[in-house]
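Trainee: One structure coming up, written as structure tokens, with questions to follow.
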Amino acid sequence: MSEWLAMGGYGFYVWSAYGVLAIALAVELASLRRRRHTSWQRVAELRAAREPGAQAAAPAAFEEAVK
Amino acid sequence: MNAPADDALGGLWWACRRDLKLAMRSRTELAVIVVFFLLVTSLFPLAVSPDPELLRSIAPGIAWVAALLASLLGLSRLFAADHADGTLEQMVLAPAPLPALVAGKVLAHWLATGVPLVLLAPLAGLQFGLAADAIAVLAASLALGTPILSWLGAIAAALTLGARGGASLLALLVLPLAVPVLIFGAGAVESFASGLGADAHLSLLGAGLILAWVFGPAAAALAVRIAHE
Amino acid sequence: MTTTAIRTGSGWYRYASPATFYPLAGKMIPWFAAAAVVLAAAGLYIGFFVAPTDWQQGESYRIIFIHVPTAWMAMFTYVVMAFWCAVSLAFNARLSAMMAQALAPTGAMFAFVSLWTGAFWGRPTWGTYWVWDARLTSTLVLLFLYLGFIALRASIDDPRRADRAAALLALVGVVNVPIIYFSVRWWNTLHQGSSISMTAAPKMAQTMLVGMLLMSLAAWAYTIAVTLHRVRSIMLEREALAGWVGEAAAAEGTAAAAAGGAPR
């Protein structure tokens with residue numbers, strides 16, 4: 001196992017390369033999640049500002065979506 | 001100034017003459033661009049080394065990078081003043097075709113900022129000890145390349161009208177697109193100096209110049225229209 | 001007739017409206033995500049356990065299984081982005097512009113990862129972290145083109161104007177990409193001091209090619225899944241006051257309450 005990890009002596013390079021890809025993917029997926037959350041918040045704000053009554057009509061739905 | 005004519009050629013000359021007149025009024029700005037070019041070329045020996053062999057080999061690249069940066073300086077002026085006082089909007093609505101008016105402005109820009117760089121190339125060449133015939137090739141490459149840079153810059157300048165970010169955004173947009181011009185321009189001189197001849201490079205630059213004049217006016221005019229929506 | 005189709009929303013044109021595309025995209029995401037995971041698992045398995053050790057480069061060549069696919073995806077994504085930009089300009093379609101907006105960050109990410117993995121492949125193979133070979137240099141310029149697109153969008157406040165300005169920039173860029181690649185190849189071959197070229201990969205065993213192909217397909221499926229997710233958020237941001245958003249909120253809210261977690 002550790003022999004495989006060493007990658008014939010090139011372990012540092014191989015795992016740095018794959019590691020950066022893994023980090024980039026993780027960052028992208030996290031930013032997707034955060035953006036979705038922010039988008040829903042923005043939607044809730046804008047709709048509440050336009051029609052204060054509308055938000056009161058479905059507060060539960062929006063709060064679930066925002067979470 | 002009286003209104004532009006209705007047809008394309010008349011509109012082009014009108015816009016060109018008008019911009020040249022305006023440029024002559026701010027001659028110091030143009031002088032600054034020229035001085036900037038010489039300043040940048042002078043920085044490289046200080047930063048690298050005064051070794052004549054080394055300088056002669058990197059001279060085309062330095063001259064070209066300096067020309068590229070210097071041409072960036074004048075680009076934000078291209079549309080900004082007219083945009084600010086509403087003249088650009090009038091051009092959009094004018095009967096003369098907008099691509100022709102834009103082409104006139106770009107031609108004036110090149111005459112005011114590109115041509116001086118071409119004329120100054122020998123000075124930069126001498127700074128780096130280039131032979132006379134290599135200097136001629138450098139001037140030719142700049143003569144073919146700087147109009148292409150003017151067109152790329154015009155499209156980018158029109159796109160960034162009314163955008164935040166100013167000159168640095170403009171540079172970010174122009175420089176990647178200018179890479180081929182830089183490669184063939186500097187490459188022409190190097191190729192000539194190493195005995196392979198500059199014909200291929202200069203022909204490619206010529207082709208690029210034709211492409212720039214064929215597609216540039218429409219693209220830049222579209223960008224100006226987008227800025228006025 | 002085309003215009004009738006667009007107006008009445010029949011056939012595929014129905015999905016040109018954010019209201020109908022939003023739920024469709026939501027259904028597509030899990031499939032593409034699953035495909036990406038499966039393809040990547042297969043590709044990595046082949047890449048690490050089936051493909052033989054390269055006699056020249058040893059185990060370091062295994063970086064190729066992510067370096068080449070990410071480079072291809074960076075290039076391919078830019079072309080797709082430019083395609084949606086062209087559609088958005090030609091048909092004045094906002095959804096197409098939103099797709100382009102959603103593609104750019106992922107394309108830039110792949111360009112960056114391609115450069116980084118290329119550097120870490122180059123170091124053990126040719127001794128330096130950076131080599132000015134044609135593909136790496138073109139990918140670097142491509143990264144700058146992506147960043148310019150994203151920066152231009154970000155610096156124009158009006159979303160529709162940002163759509164159109166960035167679209168024109170992308171079209172100018174995509175026309176330039178082959179010219180840039182050609183000029184960089186030219187420049188590279190003329191300065192052939194060394195025979196460094198990452199395009200001339202080691203003689204590929206069949207298994208190596210299969211591995212690279214699987215990883216490329218995985219990257220493609222990943223890009224689609226991520227882009228669909230991102231474009232849904234963009235649609236919410238830009239169409240916040242539209243009726244369908246309220247319905248979508250209600251739908252996702254009840255679904256989330258039922259599932260006991262936040263909507264994805």
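Scheme for the structure tokens: letters A, B, ... for chains in order shown; per-chain residue numbers from 1; ligand numbers from 1 in order shown.
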Could you write out as a ChimeraX atom specification the residues of chain C within 6 Å of chain A, counting only C-alpha atoms?

Mentor: /C:59-60,63,117,120,233,237,240,250,253,262

Trainee: May I have all residues of range 77-159 of chain B that DSSP, computed from the backbone, assigns to alpha helix (DSSP H), given as number ranges by chain?

Mentor: B: 77-85, 87-93, 98-109, 115-127, 132-159

Trainee: For a quick test of understanding: name the residues of chain B lying within 6 Å of chain C when counting only C-alpha atoms, and present them as a list in words.

Mentor: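 Applying the cut-off to the listed atoms yields Leu159, Ala163, Arg164, Leu172, Leu173, Pro176 and Pro180 of chain B.
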
Trainee: Env of range 92-97 of chain C: 12 Å cut, atoms = only C-alpha atoms, seq-sep filter 3 positions within chain, self excluded. Answer as JSON, numbers by chain.

Mentor: {"C": [6, 13, 14, 15, 16, 17, 18, 19, 20, 21, 22, 80, 81, 82, 83, 84, 85, 86, 87, 88, 89, 100, 101, 102, 103, 104, 153, 159, 160, 161, 162, 163, 164, 165, 166, 167, 168, 170, 228, 231, 232, 234, 235, 236, 238, 239]}

Trainee: Excluding Trp213 in chain B and its own-chain neighbours fewer than 3 positions away, which residues fall within 9 Å of it when counting only C-alpha atoms? Please give them as a PyMOL selection string.

Mentor: chain B and resi 103+147-148+151+208-210+216-217

Trainee: Would you kindly return, as a list in words, each protein, DNA or RNA residue with an atom no farther than 9 Å from any atom of Arg62 in chain C, considering only C-alpha atoms and excluding same-chain residues fewer than 3 positions away?

Mentor: Val14 of chain A; Gly47, Phe48, Ala51, Thr53, Asp54, Gly58, Glu59, Phe65, Ile66, Trp121 and Met208 of chain C

Trainee: Quick one: write out the picked residues with C-alpha atoms as a short mmCIF file (atom, residue, chain, number, x, y, z; two decimals), in the first residue's frame?

Mentor:
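As a result, out-v4.cif now contains:
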```
data_model
loop_
_atom_site.label_atom_id
_atom_site.label_comp_id
_atom_site.auth_asym_id
_atom_site.auth_seq_id
_atom_site.Cartn_x
_atom_site.Cartn_y
_atom_site.Cartn_z
CA VAL A 14 1.23 12.78 -8.43
CA GLY C 47 -5.56 4.88 -14.66
CA PHE C 48 -4.04 3.62 -11.47
CA ALA C 51 -2.61 1.03 -17.17
CA THR C 53 3.89 1.95 -15.77
CA ASP C 54 5.48 4.09 -18.42
CA GLY C 58 7.62 5.93 -14.36
CA GLU C 59 4.57 6.52 -12.27
CA PHE C 65 -5.29 11.14 -16.53
CA ILE C 66 -6.34 14.48 -15.09
CA TRP C 121 3.92 16.65 -14.41
CA MET C 208 -3.94 4.68 -21.09
#
```

Trainee: Mind pulling up the distance from CA of Gly118 in chain C to CA of Thr223 in chain C?

Mentor: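 Going from CA of Thr223 in chain C over to CA of Gly118 in chain C covers 20.3 Å.
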
Trainee: Could you tell me how far CA of Val65 in chain B sits from CA of Val106 in chain B, in Å to one decimal place?

Mentor: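 A separation of 20.6 Å between them.
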
Trainee: Could you tell me how far CA of Ile135 in chain B sits from CA of Leu107 in chain B, in Å to one decimal place?

Mentor: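 These two atoms are separated by 24.4 Å.
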
Trainee: Would you kindly return, as a list of chain:residue names, each protein, DNA or RNA residue with an atom no farther than 9 Å from any atom of range 17-19 of chain B, considering only C-alpha atoms and excluding same-chain residues fewer than 2 positions away?

Mentor: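 Final neighbour list, sorted by chain and number: B:Met1, B:Leu12, B:Trp13, B:Trp14, B:Ala15, B:Lys21, B:Leu22, B:Ala23, B:Met24, B:Leu78, B:Gly104, B:Lys105, B:Ala108, B:His109.
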
Trainee: For the selection you just gave me, I'd like the residues written to a file as a PDB file, in the first residue's frame, keeping N, CA and C atoms.

Mentor:
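What ended up in result-v7.pdb:
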```pdb
ATOM      1  N   MET B   1     -18.915  70.891 -35.138  1.00  0.00           N
ATOM      2  CA  MET B   1     -18.577  70.334 -36.454  1.00  0.00           C
ATOM      3  C   MET B   1     -19.862  69.977 -37.165  1.00  0.00           C
ATOM      4  N   LEU B  12     -16.773  57.912 -42.531  1.00  0.00           N
ATOM      5  CA  LEU B  12     -15.454  57.518 -42.058  1.00  0.00           C
ATOM      6  C   LEU B  12     -14.512  58.712 -42.017  1.00  0.00           C
ATOM      7  N   TRP B  13     -14.460  59.466 -43.121  1.00  0.00           N
ATOM      8  CA  TRP B  13     -13.540  60.617 -43.149  1.00  0.00           C
ATOM      9  C   TRP B  13     -13.950  61.679 -42.135  1.00  0.00           C
ATOM     10  N   TRP B  14     -15.245  61.864 -41.970  1.00  0.00           N
ATOM     11  CA  TRP B  14     -15.703  62.847 -41.009  1.00  0.00           C
ATOM     12  C   TRP B  14     -15.235  62.492 -39.604  1.00  0.00           C
ATOM     13  N   ALA B  15     -15.465  61.214 -39.222  1.00  0.00           N
ATOM     14  CA  ALA B  15     -15.079  60.781 -37.874  1.00  0.00           C
ATOM     15  C   ALA B  15     -13.568  60.849 -37.703  1.00  0.00           C
ATOM     16  N   LYS B  21      -8.505  66.130 -35.166  1.00  0.00           N
ATOM     17  CA  LYS B  21      -8.520  67.510 -34.665  1.00  0.00           C
ATOM     18  C   LYS B  21      -8.506  67.513 -33.149  1.00  0.00           C
ATOM     19  N   LEU B  22      -9.345  66.663 -32.552  1.00  0.00           N
ATOM     20  CA  LEU B  22      -9.400  66.598 -31.096  1.00  0.00           C
ATOM     21  C   LEU B  22      -8.074  66.112 -30.529  1.00  0.00           C
ATOM     22  N   ALA B  23      -7.439  65.172 -31.230  1.00  0.00           N
ATOM     23  CA  ALA B  23      -6.168  64.649 -30.737  1.00  0.00           C
ATOM     24  C   ALA B  23      -5.101  65.731 -30.761  1.00  0.00           C
ATOM     25  N   MET B  24      -5.132  66.552 -31.828  1.00  0.00           N
ATOM     26  CA  MET B  24      -4.129  67.621 -31.920  1.00  0.00           C
ATOM     27  C   MET B  24      -4.265  68.608 -30.790  1.00  0.00           C
ATOM     28  N   LEU B  78     -10.560  56.519 -26.416  1.00  0.00           N
ATOM     29  CA  LEU B  78     -11.133  56.369 -27.756  1.00  0.00           C
ATOM     30  C   LEU B  78     -12.617  56.688 -27.785  1.00  0.00           C
ATOM     31  N   GLY B 104     -13.593  55.278 -38.680  1.00  0.00           N
ATOM     32  CA  GLY B 104     -12.918  56.568 -38.747  1.00  0.00           C
ATOM     33  C   GLY B 104     -12.207  56.893 -37.443  1.00  0.00           C
ATOM     34  N   LYS B 105     -12.879  56.617 -36.332  1.00  0.00           N
ATOM     35  CA  LYS B 105     -12.267  56.887 -35.037  1.00  0.00           C
ATOM     36  C   LYS B 105     -11.032  56.009 -34.819  1.00  0.00           C
ATOM     37  N   ALA B 108      -8.167  57.235 -36.883  1.00  0.00           N
ATOM     38  CA  ALA B 108      -7.560  58.410 -36.257  1.00  0.00           C
ATOM     39  C   ALA B 108      -6.709  58.011 -35.056  1.00  0.00           C
ATOM     40  N   HIS B 109      -7.200  57.057 -34.281  1.00  0.00           N
ATOM     41  CA  HIS B 109      -6.445  56.591 -33.116  1.00  0.00           C
ATOM     42  C   HIS B 109      -5.102  56.023 -33.539  1.00  0.00           C
TER      43      HIS B 109
END
```
